[in-house]
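The structure appears below as structure tokens.
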Amino acid sequence: MRKIMAVFLALLCLTGCLASNELSGKEYAMIHGSEQFYPIYLGFKNNDTFYIKSINDIKGVYNIDGEKLTMTVTENTKLTPDIQFAGIENDFLNALVRVKGFVATTDGLQLVTIDNRIFDFRYVGAAR
């Protein structure tokens with residue numbers, strides 16, 4: 001009986017350690033209005049790292065605490081952006097440090113900043 005309980009507890013601990021959050025393993029594309037996709041992709045590789053694929057390649061760490069989301073950029077290629085999308089990308093990157101929360105659905109993601117700006121994303125597939 002002890003062996004069965006030990007195996008059960010070990011499996012319970014293992015599944016708790018391996019459990020992922022609702023963003024882990026997903027990639028999203030930024031949208032504006034209902035259909036316009038910008039060339040900005042936001043992916044969550046695992047439970048604590050994210051990436052942004054756009055004109056610049058950006059990597060960082062994130063933390064989820066209930067409905068609160070914090071994101072910190074750790075790497076940025078800082079390439080000269082295409083002038084058409086420079087403002088959009090810079091606006092989004094500046095807003096990352098002010099993200100306070102998120103709403104994830106089966107087909108999308110909304111990021112909400114402390115000044116109540118909303119950035120909408122559509123689910124596009126598994127994180128790369």
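We label chains A, B, ... in the order they appear in the structure tokens, count residues from 1 in each chain, and number ligands from 1 in the order shown.
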**Message:** Residues near Thr74 of chain A, anyone? I mean within 10 Å using only C-alpha atoms, not counting same-chain ones fewer than 5 positions away, as a ChimeraX atom specification.
**Reply:** /A:49-51,58-61
Write the residues of the selection above to a file with N, CA and C atoms, as a PDB file, in the first residue's frame.
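Output file out_22.pdb follows:
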```pdb
ATOM      1  N   THR A  49       8.891  31.902 -21.083  1.00  0.00           N
ATOM      2  CA  THR A  49       9.554  32.686 -22.117  1.00  0.00           C
ATOM      3  C   THR A  49       8.597  32.998 -23.266  1.00  0.00           C
ATOM      4  N   PHE A  50       8.779  34.187 -23.824  1.00  0.00           N
ATOM      5  CA  PHE A  50       7.980  34.582 -24.979  1.00  0.00           C
ATOM      6  C   PHE A  50       8.905  35.128 -26.056  1.00  0.00           C
ATOM      7  N   TYR A  51       8.365  35.261 -27.269  1.00  0.00           N
ATOM      8  CA  TYR A  51       9.107  35.868 -28.359  1.00  0.00           C
ATOM      9  C   TYR A  51       8.158  36.713 -29.187  1.00  0.00           C
ATOM     10  N   ILE A  58      12.477  39.612 -30.938  1.00  0.00           N
ATOM     11  CA  ILE A  58      12.511  39.988 -29.529  1.00  0.00           C
ATOM     12  C   ILE A  58      12.238  38.750 -28.687  1.00  0.00           C
ATOM     13  N   LYS A  59      12.953  38.634 -27.587  1.00  0.00           N
ATOM     14  CA  LYS A  59      12.737  37.535 -26.647  1.00  0.00           C
ATOM     15  C   LYS A  59      12.583  38.121 -25.260  1.00  0.00           C
ATOM     16  N   GLY A  60      11.890  37.393 -24.410  1.00  0.00           N
ATOM     17  CA  GLY A  60      11.718  37.873 -23.053  1.00  0.00           C
ATOM     18  C   GLY A  60      11.134  36.817 -22.150  1.00  0.00           C
ATOM     19  N   VAL A  61      10.841  37.231 -20.946  1.00  0.00           N
ATOM     20  CA  VAL A  61      10.230  36.350 -19.951  1.00  0.00           C
ATOM     21  C   VAL A  61       8.888  36.931 -19.547  1.00  0.00           C
TER      22      VAL A  61
END
```
**Contacts of Asn94 of chain A at 12 Å (only C-alpha atoms; same-chain gap of 2+ positions) as JSON, numbers by chain** = {"A": [71, 72, 73, 87, 88, 89, 90, 91, 92, 96, 97, 98, 99, 113, 117]}
**Asked** Quick one: distance from atom CA of Ala126 of chain A to atom CA of Asn76 of chain A in Å, one decimal?
**Response** 22.0 Å
**Request:** Go through A:Gly66, A:Pro39, A:Gly25, A:Gly125 one by one, measure the shortest atom-to-atom distance of each to Phe102 of chain A using only C-alpha atoms, and give the residue with the smallest value.
**Result:**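 Between A:Gly66, A:Pro39, A:Gly25, A:Gly125, the residue approaching Phe102 of chain A most closely is A:Gly66.
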**atom CA of Gln110 of chain A to atom CA of Lys78 of chain A, distance in Å rounded to a single decimal** = 25.1 Å
**Neighbour list for segment 121-123 of chain A as a list in words, cut-off 9 Å, only C-alpha atoms, skip fewer than 5 positions in-chain** = Lys26, Glu27, Tyr28, Ala29, Met30, Ile31, His32, Phe37, Tyr41, Leu42, Thr105, Thr106, Asp107, Gly108, Leu109, Gln110 and Leu111 of chain A
**Message:** To one decimal place in Å, what is the distance between atom CA of Leu23 of chain A and atom CA of Ala95 of chain A?
**Reply:**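 Those two atoms sit 18.7 Å apart.
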**Message:** So, with only C-alpha atoms as the atoms that count, which of A:Ala104, A:Lys53, A:Lys45, A:Thr77 lies closest to Glu22 of chain A?
**Reply:**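 Closest residue, counting only C-alpha atoms: A:Ala104.
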**Request:** Point out the residue among A:Ile40, A:Val124, A:Ile114, A:Val103 with the least atom-to-atom distance to Ile64 of chain A, counting only C-alpha atoms.
**Result:**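 Under the stated criterion, the closest residue is A:Val103.
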**Request:** Tell me, as a PyMOL selection string, which residues lie within 8 Å of Asp48 of chain A, counting only C-alpha atoms; anything in the same chain fewer than 4 positions away does not count.
**Result:** chain A and resi 44+61-63
Quick one: write out the picked residues with C-alpha atoms as a PDB file, in the first residue's frame?
```pdb
ATOM      1  CA  PHE A  44       4.807  31.771 -25.729  1.00  0.00           C
ATOM      2  CA  VAL A  61      10.230  36.350 -19.951  1.00  0.00           C
ATOM      3  CA  TYR A  62       6.685  36.483 -18.695  1.00  0.00           C
ATOM      4  CA  ASN A  63       4.821  35.639 -15.536  1.00  0.00           C
TER       5      ASN A  63
END
```
**Prompt:** If you run DSSP on the backbone, which residues of segment 46-101 of chain A are alpha helix (DSSP H), as a list in words?
**Reply:**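 Of segment 46-101 of chain A, only Ile83, Gln84, Phe85, Ala86, Gly87, Ile88, Glu89, Asn90, Asp91, Phe92, Leu93, Asn94, Ala95 and Leu96 of chain A fall in alpha helix (DSSP H).
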Selection export as an mmCIF file, in the first residue's frame, atoms kept: all heavy atoms:
```cif
data_model
loop_
_atom_site.group_PDB
_atom_site.id
_atom_site.type_symbol
_atom_site.label_atom_id
_atom_site.label_comp_id
_atom_site.auth_asym_id
_atom_site.auth_seq_id
_atom_site.Cartn_x
_atom_site.Cartn_y
_atom_site.Cartn_z
ATOM 1 N N ILE A 83 9.361 51.490 -42.576
ATOM 2 C CA ILE A 83 8.685 52.689 -42.099
ATOM 3 C C ILE A 83 7.178 52.485 -41.961
ATOM 4 O O ILE A 83 6.534 53.063 -41.098
ATOM 5 C CB ILE A 83 9.020 53.914 -43.002
ATOM 6 C CG1 ILE A 83 8.637 55.215 -42.309
ATOM 7 C CG2 ILE A 83 8.334 53.794 -44.346
ATOM 8 C CD1 ILE A 83 9.477 55.543 -41.133
ATOM 9 N N GLN A 84 6.596 51.610 -42.768
ATOM 10 C CA GLN A 84 5.159 51.367 -42.716
ATOM 11 C C GLN A 84 4.731 50.793 -41.363
ATOM 12 O O GLN A 84 3.667 51.111 -40.863
ATOM 13 C CB GLN A 84 4.748 50.417 -43.840
ATOM 14 C CG GLN A 84 3.264 50.104 -43.858
ATOM 15 C CD GLN A 84 2.917 49.142 -44.969
ATOM 16 O OE1 GLN A 84 3.782 48.680 -45.706
ATOM 17 N NE2 GLN A 84 1.646 48.828 -45.089
ATOM 18 N N PHE A 85 5.565 49.946 -40.776
ATOM 19 C CA PHE A 85 5.188 49.276 -39.536
ATOM 20 C C PHE A 85 5.962 49.759 -38.319
ATOM 21 O O PHE A 85 5.747 49.280 -37.218
ATOM 22 C CB PHE A 85 5.356 47.767 -39.685
ATOM 23 C CG PHE A 85 4.508 47.198 -40.770
ATOM 24 C CD1 PHE A 85 5.076 46.742 -41.945
ATOM 25 C CD2 PHE A 85 3.132 47.151 -40.636
ATOM 26 C CE1 PHE A 85 4.286 46.233 -42.966
ATOM 27 C CE2 PHE A 85 2.341 46.646 -41.647
ATOM 28 C CZ PHE A 85 2.908 46.184 -42.825
ATOM 29 N N ALA A 86 6.865 50.706 -38.495
ATOM 30 C CA ALA A 86 7.709 51.164 -37.389
ATOM 31 C C ALA A 86 6.890 51.680 -36.224
ATOM 32 O O ALA A 86 7.150 51.344 -35.072
ATOM 33 C CB ALA A 86 8.674 52.234 -37.875
ATOM 34 N N GLY A 87 5.902 52.507 -36.492
ATOM 35 C CA GLY A 87 5.084 53.068 -35.421
ATOM 36 C C GLY A 87 4.297 52.011 -34.679
ATOM 37 O O GLY A 87 4.197 52.038 -33.452
ATOM 38 N N ILE A 88 3.751 51.055 -35.394
ATOM 39 C CA ILE A 88 2.950 49.992 -34.781
ATOM 40 C C ILE A 88 3.817 49.129 -33.880
ATOM 41 O O ILE A 88 3.465 48.850 -32.744
ATOM 42 C CB ILE A 88 2.280 49.131 -35.870
ATOM 43 C CG1 ILE A 88 1.307 49.982 -36.685
ATOM 44 C CG2 ILE A 88 1.560 47.934 -35.247
ATOM 45 C CD1 ILE A 88 0.896 49.361 -37.996
ATOM 46 N N GLU A 89 4.974 48.722 -34.396
ATOM 47 C CA GLU A 89 5.864 47.880 -33.603
ATOM 48 C C GLU A 89 6.369 48.628 -32.367
ATOM 49 O O GLU A 89 6.337 48.095 -31.258
ATOM 50 C CB GLU A 89 7.048 47.391 -34.435
ATOM 51 C CG GLU A 89 7.924 46.424 -33.653
ATOM 52 C CD GLU A 89 9.167 46.024 -34.404
ATOM 53 O OE1 GLU A 89 9.968 46.917 -34.731
ATOM 54 O OE2 GLU A 89 9.334 44.819 -34.644
ATOM 55 N N ASN A 90 6.813 49.863 -32.533
ATOM 56 C CA ASN A 90 7.301 50.643 -31.395
ATOM 57 C C ASN A 90 6.213 50.871 -30.364
ATOM 58 O O ASN A 90 6.464 50.793 -29.160
ATOM 59 C CB ASN A 90 7.879 51.985 -31.858
ATOM 60 C CG ASN A 90 9.212 51.825 -32.530
ATOM 61 O OD1 ASN A 90 9.933 50.869 -32.279
ATOM 62 N ND2 ASN A 90 9.546 52.746 -33.404
ATOM 63 N N ASP A 91 5.007 51.147 -30.815
ATOM 64 C CA ASP A 91 3.882 51.347 -29.907
ATOM 65 C C ASP A 91 3.642 50.092 -29.071
ATOM 66 O O ASP A 91 3.476 50.153 -27.853
ATOM 67 C CB ASP A 91 2.631 51.707 -30.717
ATOM 68 C CG ASP A 91 1.466 52.114 -29.854
ATOM 69 O OD1 ASP A 91 1.681 52.788 -28.830
ATOM 70 O OD2 ASP A 91 0.326 51.769 -30.222
ATOM 71 N N PHE A 92 3.654 48.938 -29.727
ATOM 72 C CA PHE A 92 3.436 47.685 -29.018
ATOM 73 C C PHE A 92 4.573 47.385 -28.049
ATOM 74 O O PHE A 92 4.341 46.995 -26.904
ATOM 75 C CB PHE A 92 3.239 46.537 -30.005
ATOM 76 C CG PHE A 92 3.118 45.197 -29.340
ATOM 77 C CD1 PHE A 92 2.090 44.951 -28.449
ATOM 78 C CD2 PHE A 92 4.022 44.195 -29.601
ATOM 79 C CE1 PHE A 92 1.973 43.721 -27.817
ATOM 80 C CE2 PHE A 92 3.911 42.958 -28.979
ATOM 81 C CZ PHE A 92 2.886 42.732 -28.093
ATOM 82 N N LEU A 93 5.818 47.581 -28.479
ATOM 83 C CA LEU A 93 6.960 47.298 -27.604
ATOM 84 C C LEU A 93 6.947 48.198 -26.373
ATOM 85 O O LEU A 93 7.249 47.751 -25.269
ATOM 86 C CB LEU A 93 8.274 47.454 -28.360
ATOM 87 C CG LEU A 93 8.537 46.415 -29.437
ATOM 88 C CD1 LEU A 93 9.837 46.713 -30.157
ATOM 89 C CD2 LEU A 93 8.541 45.018 -28.859
ATOM 90 N N ASN A 94 6.602 49.455 -26.550
ATOM 91 C CA ASN A 94 6.508 50.367 -25.406
ATOM 92 C C ASN A 94 5.371 49.974 -24.465
ATOM 93 O O ASN A 94 5.451 50.188 -23.261
ATOM 94 C CB ASN A 94 6.334 51.807 -25.878
ATOM 95 C CG ASN A 94 7.578 52.349 -26.532
ATOM 96 O OD1 ASN A 94 8.684 51.938 -26.202
ATOM 97 N ND2 ASN A 94 7.414 53.252 -27.472
ATOM 98 N N ALA A 95 4.326 49.397 -25.008
ATOM 99 C CA ALA A 95 3.186 48.987 -24.182
ATOM 100 C C ALA A 95 3.464 47.709 -23.397
ATOM 101 O O ALA A 95 2.818 47.456 -22.372
ATOM 102 C CB ALA A 95 1.951 48.791 -25.053
ATOM 103 N N LEU A 96 4.416 46.890 -23.843
ATOM 104 C CA LEU A 96 4.698 45.621 -23.154
ATOM 105 C C LEU A 96 4.998 45.818 -21.673
ATOM 106 O O LEU A 96 4.568 45.023 -20.845
ATOM 107 C CB LEU A 96 5.879 44.902 -23.794
ATOM 108 C CG LEU A 96 5.613 44.028 -24.993
ATOM 109 C CD1 LEU A 96 6.897 43.378 -25.456
ATOM 110 C CD2 LEU A 96 4.561 42.996 -24.724
#
```
**Item:** Which of segment 23-119 of chain A fall in strand (DSSP E or B), as an MDAnalysis selection string
**Value:** chainID A and resid 26:32 36:44 49:53 57:65 68:76 99:104 108:113 118:119
